[in-house]
Amino acid sequence: MSITTVWQALLSGLLNGAVYGLLSVGLTMIFGVVKIVNFAHGEFLMIGMYVSYALWAFLGIDPLWSLPLVMAALFFFGMGIQRFFIRRVLNAPDLAQIFLTVGLSVLMINLALFLFRADFRMVKVPYADWTFSLAGAIVSVPRLIACLGAIIFSLLLALFLLKTDVGKAMRAVAQDREVSMLVGINPERMYNLAVGISAALAGAAGALTMSFYFVFPSVGVNFVLIAFVIVILGTLGNIKGAFLTSLIVVVAESVGVLFAGADLGLAVVFVILVLTLAFRPAGLLGRA
Amino acid sequence: METYERLLKKGISRRQILKGAALLGISAGANLSFLRQPSEAAAEVNIGVIYPNSGALARFGQACVNASKLAAEHINAQGGIKSLKGAKLNLIITDCQSDATITRNVTERIMTTHKLSAATGDYSSSYTLVSTEVAERYGIPFITGSIANPITARGFKYTFQVSPKAEMFGHMQVDTLAWLAKAGEKRVAIVYEDTAYGTSTAKGLTDRSKEKGYEIVLSEAYGTKFTDATPLVNKIKAAKPDVVFPVSYITDAILIIKTMKQLDVNAAIIGGGAGYLIPEFYNGLGADANYVFSVASWNFDINCPEVTKFSEEYEKKYGEFLMEHAGEAYVMMWVIADALESAGSTDPKKVREALVATNLTKGPGAAMPGCRVEFDAMGWNKHVHPVMTQWQKGQLRTVYPASDARLKPTWPVPPWKKR
């Protein structure tokens with residue numbers, strides 16, 4: 001086990017971790033603002049991938065250029081899901097909320113199966129095979145671009161939440177819904193925005209992976225399991241926590257594979273989850 | 001309308017009439033479908049066809065169904081089953097949705113709601129193990145092209161397997177290396193998907209590698225749902241093998257090869273079938289697919305008469321080459337037709353007896369490597385052997401053994417940077 005091998009594992013973990021980060025911050029934001037667990041989050045990613053694929057297949061647009069379009073489409077789709085579905089169960093018992101988002105997930109997967117069949121589809125981009133060496137480890141250019149894109153969008157989200165009035169209003173609703181109404185904030189509008197933005201980020205995460213992965217109806221499932229581990233570990237509702245934990249978790253899996261075995265990488269992650277929750281029940285970043 | 005008003009006056013509401021009409025309609029429909037099921041001397045023979053047409057393995061299942069349908073068309077076109085007065089094959093096709101629990105349900109369903117004379121499926125060994133168990137309970141002869149060792153090791157009377165056994169796959173992969181190796185290649189890495197297919201094949205790989213004195217530098221199971229092969233290939237690279245024996249389905253096969261190129265791992269690749277044998281492998285990898293070897297239970301260019309003819313017809317109709325299990329699905333339909341001919345009956349028990357006595361040496365029903373189909377006491381086709389193929393210039397060609405080879409293999413495999 002040479003140092004280069006471990007460095008390669010570390011590096012590829014970091015690159016992938018950022019993309020999971022983009023997916024996870026959206027998931028945790030929905031919980032923080034709307035106070036609902038979105039089990040259909042993986043399907044936002046899947047839809048983003050199909051839209052990206054379709055734009056490439058029919059119009060020849062590279063997934064990176066069509067990214068703004070994908071994000072816009074998912075933004076309105078997310079708002080629609082919030083306005084027409086999630087809003088109705090916000091005051092209902094938790095079980096009803098779970099049923100709704102799980103049901104939406106199943107519906108979307110099977111709709112995709114019906115419309116697009118089970119085939120695996122890939123996009124062919126000219127830079128798909130480009131690599132370069134970084135201190136002995138090989139970096140795949142499409143994955144690097146995805147990582148950079150994920151970091152940029154996450155930073156933009158942070159700026160939005162910290163510096164803009166709308167962002168601050170959203171954080172206010174997350175902190176205390178009643179009081180934020182007292183200062184003139186419309187929580188409904190904040191919910192719509194939160195789900196819309198999350199969906200757009202998830203769609204972006206999907207579109208960014210189109211240059212090196214496949215799209216098929218249940219692709220969201222492959223990503224979302226780890227995303228859930230990440231948001232719980234990083235404290236539900238905490239965006240900085242979600243992004244940092246993504247890096248930690250994916251690197252842990254990548255390095256874990258080296259020492260524990262390729263089918264035990266996830267086991268390493270779950271062991272970390274269980275241990276962390278045992279000592280810090282509210283997640284790594286403390287207060288829930 | 002008169003009757004309607006009269007009924008209304010008698011106090012029966014419109015809703016009740018509609019309900020009654022609906023019930024009548026359903027029962028009439030049900031009765032009619034019952035009438036459609038064939039009795040002994042009827043014009044149709046029902047054959048169950050169970051494959052994954054949705055879910056992770058849909059790609060393979062759909063090709064198998066297409067091949068089965070083509071075979072049935074050909075059989076019916078040349079007069080159907082003559083000993084049954086020209087009865088035509090009627091395929092009862094069902095989707096096991098790439099899920100073992102659903103496989104059990106759908107197999108039970110078609111075996112209880114139709115009078116099947118035989119059944120075939122399920123592509124993936126994990127589902128075939130389930131369907132054959134159901135078929136054994138209902139007494140329906142079941143022919144399969146799946147390969148996991150347990151399929152014919154259970155002493156079942158109604159299970160028949162035309163394909164080689166999984167451990168033979170593993171053996172053939174290693175034997176090919178022994179045949180090809182000229183520079184003392186000794187270090188082998190075995191990576192395999194973690195279900196029945198992968199673990200059975202890996203066992204064959206491990207046993208034979210030890211026999212031949214190869215050094216197993218890595219033996220690793222993995223889950224096929226990974227989104228990045230880098231952790232696995234990173235490990236392969238660290239182990240510095242001369243040859244890698246991967247056993248994979250589709251996305252994992254493509255990702256592994258891609259990542260091996262990216263990380264510049266220059267080991268020869270001798271794959272274990274499935275994902276390494278389909279058009280998508282070449283479509284997804286382009287020129288990077290060349291020089292990859294894979295063992296197969298069947299290929300469209302093996303040295304049996306008729307193979308070229310029906311492979312070309314399939315390609316003309318469906319626009320892609322006839323892949324491994326789809327080719328077997330075609331052959332199996334002819335094996336069933338032959339059994340029906342000898343049995344002269346649609347009774348599954350008689351069809352089973354005919355299958356036990358099957359000894360095909362010509363025609364599409366014998367077109368497995370070895371060109372002969374005859375089942376032993378455990379239901380396995382004892383004359384079959386796997387073949388080794390290699391991707392050359394975008395074409396999958398058989399290179400070993402000599403009896404089936406159409407082309408010489410390219411060896412040694414040029415390193416990635418020199419292609």
# chains A, B, ... in the order shown; residues from 1 in each chain; ligands from 1
$ closest_atom_pairs --of "chain B" --to "chain A" --cutoff "7 Å" --atoms "only C-alpha atoms" --output "tab-separated table"
residue	atom	partner	partner_atom	distance
B:Ser54	CA	A:Ala118	CA	5.7
B:Gly55	CA	A:Ala118	CA	5.8
B:Ala56	CA	A:Ala118	CA	6.8
B:Ala58	CA	A:Ala118	CA	5.9
B:Arg59	CA	A:Asp119	CA	6.0
B:Glu220	CA	A:Ala262	CA	6.4
B:Ala221	CA	A:Asp263	CA	5.8
B:Tyr222	CA	A:Asp263	CA	4.3
B:Gly223	CA	A:Asp263	CA	5.7
B:Lys225	CA	A:Asn222	CA	6.2
B:Thr230	CA	A:Ser12	CA	7.0
B:Pro231	CA	A:Ser254	CA	5.3
B:Leu232	CA	A:Ala262	CA	5.9
B:Asn234	CA	A:Thr5	CA	6.5
B:Lys235	CA	A:Leu258	CA	6.1
B:Ala238	CA	A:Thr5	CA	6.4
B:Gln262	CA	A:Thr131	CA	6.6
B:Leu263	CA	A:Ile138	CA	6.0
$ write_last_selection --atoms "C-alpha atoms" --output "PDB file, in the first residue's frame"
ATOM      1  CA  SER B  54     -37.344  -3.443 -16.650  1.00  0.00           C
ATOM      2  CA  GLY B  55     -34.868  -2.570 -13.938  1.00  0.00           C
ATOM      3  CA  ALA B  56     -31.108  -2.932 -13.879  1.00  0.00           C
ATOM      4  CA  ALA B  58     -33.622  -4.874 -18.636  1.00  0.00           C
ATOM      5  CA  ARG B  59     -31.107  -4.456 -21.394  1.00  0.00           C
ATOM      6  CA  GLU B 220     -12.277  -8.480  -4.373  1.00  0.00           C
ATOM      7  CA  ALA B 221     -16.087  -8.532  -4.452  1.00  0.00           C
ATOM      8  CA  TYR B 222     -17.859  -5.270  -5.198  1.00  0.00           C
ATOM      9  CA  GLY B 223     -21.393  -3.925  -5.425  1.00  0.00           C
ATOM     10  CA  LYS B 225     -24.112   0.249  -7.913  1.00  0.00           C
ATOM     11  CA  THR B 230     -11.645   4.675  -8.940  1.00  0.00           C
ATOM     12  CA  PRO B 231     -11.520   3.145  -5.442  1.00  0.00           C
ATOM     13  CA  LEU B 232     -11.641  -0.372  -6.912  1.00  0.00           C
ATOM     14  CA  ASN B 234      -6.935   2.128  -7.477  1.00  0.00           C
ATOM     15  CA  LYS B 235      -6.660  -1.093  -5.520  1.00  0.00           C
ATOM     16  CA  ALA B 238      -1.675  -1.027  -6.347  1.00  0.00           C
ATOM     17  CA  GLN B 262      -7.534   6.737 -16.864  1.00  0.00           C
ATOM     18  CA  LEU B 263      -5.306   5.354 -14.146  1.00  0.00           C
TER      19      LEU B 263
END
$ residues_around --residues "region 354-365 of chain B" --least-positions-apart "4" --cutoff "6 Å" --atoms "only C-alpha atoms" --output "PDB file with N, CA and C atoms, in the first residue's frame"
ATOM      1  N   GLU B 306     -26.102 -23.104 -39.301  1.00  0.00           N
ATOM      2  CA  GLU B 306     -27.332 -22.331 -39.017  1.00  0.00           C
ATOM      3  C   GLU B 306     -27.072 -21.085 -38.184  1.00  0.00           C
ATOM      4  N   VAL B 331     -31.860 -20.451 -29.396  1.00  0.00           N
ATOM      5  CA  VAL B 331     -31.596 -21.888 -29.464  1.00  0.00           C
ATOM      6  C   VAL B 331     -32.576 -22.664 -28.585  1.00  0.00           C
ATOM      7  N   TRP B 334     -35.931 -23.584 -29.958  1.00  0.00           N
ATOM      8  CA  TRP B 334     -35.888 -24.728 -30.870  1.00  0.00           C
ATOM      9  C   TRP B 334     -35.764 -26.040 -30.107  1.00  0.00           C
ATOM     10  N   VAL B 335     -35.027 -26.010 -28.987  1.00  0.00           N
ATOM     11  CA  VAL B 335     -34.931 -27.215 -28.159  1.00  0.00           C
ATOM     12  C   VAL B 335     -36.319 -27.592 -27.647  1.00  0.00           C
ATOM     13  N   ALA B 339     -38.559 -30.941 -28.448  1.00  0.00           N
ATOM     14  CA  ALA B 339     -39.133 -31.793 -27.394  1.00  0.00           C
ATOM     15  C   ALA B 339     -40.633 -31.967 -27.608  1.00  0.00           C
ATOM     16  N   ALA B 343     -42.591 -35.400 -28.078  1.00  0.00           N
ATOM     17  CA  ALA B 343     -43.615 -35.745 -27.091  1.00  0.00           C
ATOM     18  C   ALA B 343     -44.971 -35.946 -27.746  1.00  0.00           C
ATOM     19  N   ARG B 372     -23.956 -29.663 -29.899  1.00  0.00           N
ATOM     20  CA  ARG B 372     -24.764 -30.827 -29.518  1.00  0.00           C
ATOM     21  C   ARG B 372     -25.476 -30.502 -28.217  1.00  0.00           C
ATOM     22  N   VAL B 373     -26.751 -30.821 -28.118  1.00  0.00           N
ATOM     23  CA  VAL B 373     -27.498 -30.579 -26.881  1.00  0.00           C
ATOM     24  C   VAL B 373     -28.051 -31.893 -26.365  1.00  0.00           C
ATOM     25  N   GLU B 374     -27.562 -32.312 -25.217  1.00  0.00           N
ATOM     26  CA  GLU B 374     -28.050 -33.551 -24.589  1.00  0.00           C
ATOM     27  C   GLU B 374     -27.896 -33.366 -23.087  1.00  0.00           C
TER      28      GLU B 374
END
$ closest_residue --among "A:Ile47, A:Ala194, A:Ala146, A:Val179" --to "Ile86 (chain A)" --atoms "only C-alpha atoms"
A:Ala194
$ residues_around --residues "Ala153 (chain B)" --least-positions-apart "2" --cutoff "12 Å" --atoms "only C-alpha atoms" --output "count of residues only"
19
$ residues_around --residues "Gly203 (chain A)" --least-positions-apart "5" --cutoff "7 Å" --atoms "only C-alpha atoms" --output "count of residues only"
8
$ closest_residue --among "B:Gly327, B:Pro412, B:Gly286, B:Gly204" --to "Ala268 (chain B)" --atoms "only C-alpha atoms"
B:Pro412
$ residues_around --residues "region 30-35 of chain A" --least-positions-apart "4" --cutoff "9 Å" --atoms "only C-alpha atoms" --output "PyMOL selection string"
chain A and resi 25-26+90+170-175+177+187+190-192+194-195+198+236-239
$ write_last_selection --atoms "C-alpha atoms" --output "mmCIF file, in the first residue's frame"
data_model
loop_
_atom_site.group_PDB
_atom_site.id
_atom_site.type_symbol
_atom_site.label_atom_id
_atom_site.label_comp_id
_atom_site.auth_asym_id
_atom_site.auth_seq_id
_atom_site.Cartn_x
_atom_site.Cartn_y
_atom_site.Cartn_z
ATOM 1 C CA VAL A 25 -26.808 20.902 0.710
ATOM 2 C CA GLY A 26 -30.079 21.005 -1.188
ATOM 3 C CA LEU A 90 -46.835 20.615 5.983
ATOM 4 C CA MET A 170 -35.036 32.169 4.176
ATOM 5 C CA ARG A 171 -32.719 31.658 7.106
ATOM 6 C CA ALA A 172 -35.173 33.579 9.275
ATOM 7 C CA VAL A 173 -37.957 31.188 8.310
ATOM 8 C CA ALA A 174 -35.658 28.281 9.094
ATOM 9 C CA GLN A 175 -34.926 29.754 12.503
ATOM 10 C CA ARG A 177 -41.414 30.608 11.260
ATOM 11 C CA PRO A 187 -43.017 31.710 4.650
ATOM 12 C CA MET A 190 -39.618 31.016 1.158
ATOM 13 C CA TYR A 191 -40.699 27.375 1.009
ATOM 14 C CA ASN A 192 -41.213 27.607 -2.729
ATOM 15 C CA ALA A 194 -36.073 26.660 -0.922
ATOM 16 C CA VAL A 195 -37.413 23.638 -2.750
ATOM 17 C CA SER A 198 -32.598 22.656 -3.902
ATOM 18 C CA LEU A 236 -29.937 18.234 9.580
ATOM 19 C CA GLY A 237 -30.470 21.766 8.330
ATOM 20 C CA ASN A 238 -26.827 22.795 8.520
ATOM 21 C CA ILE A 239 -25.538 23.613 5.048
#
$ select_by_dssp --residues "region 189-270 of chain B" --states "strand (DSSP E or B)" --output "ChimeraX atom specification"
/B:189-193,215-222,243-247,268-270
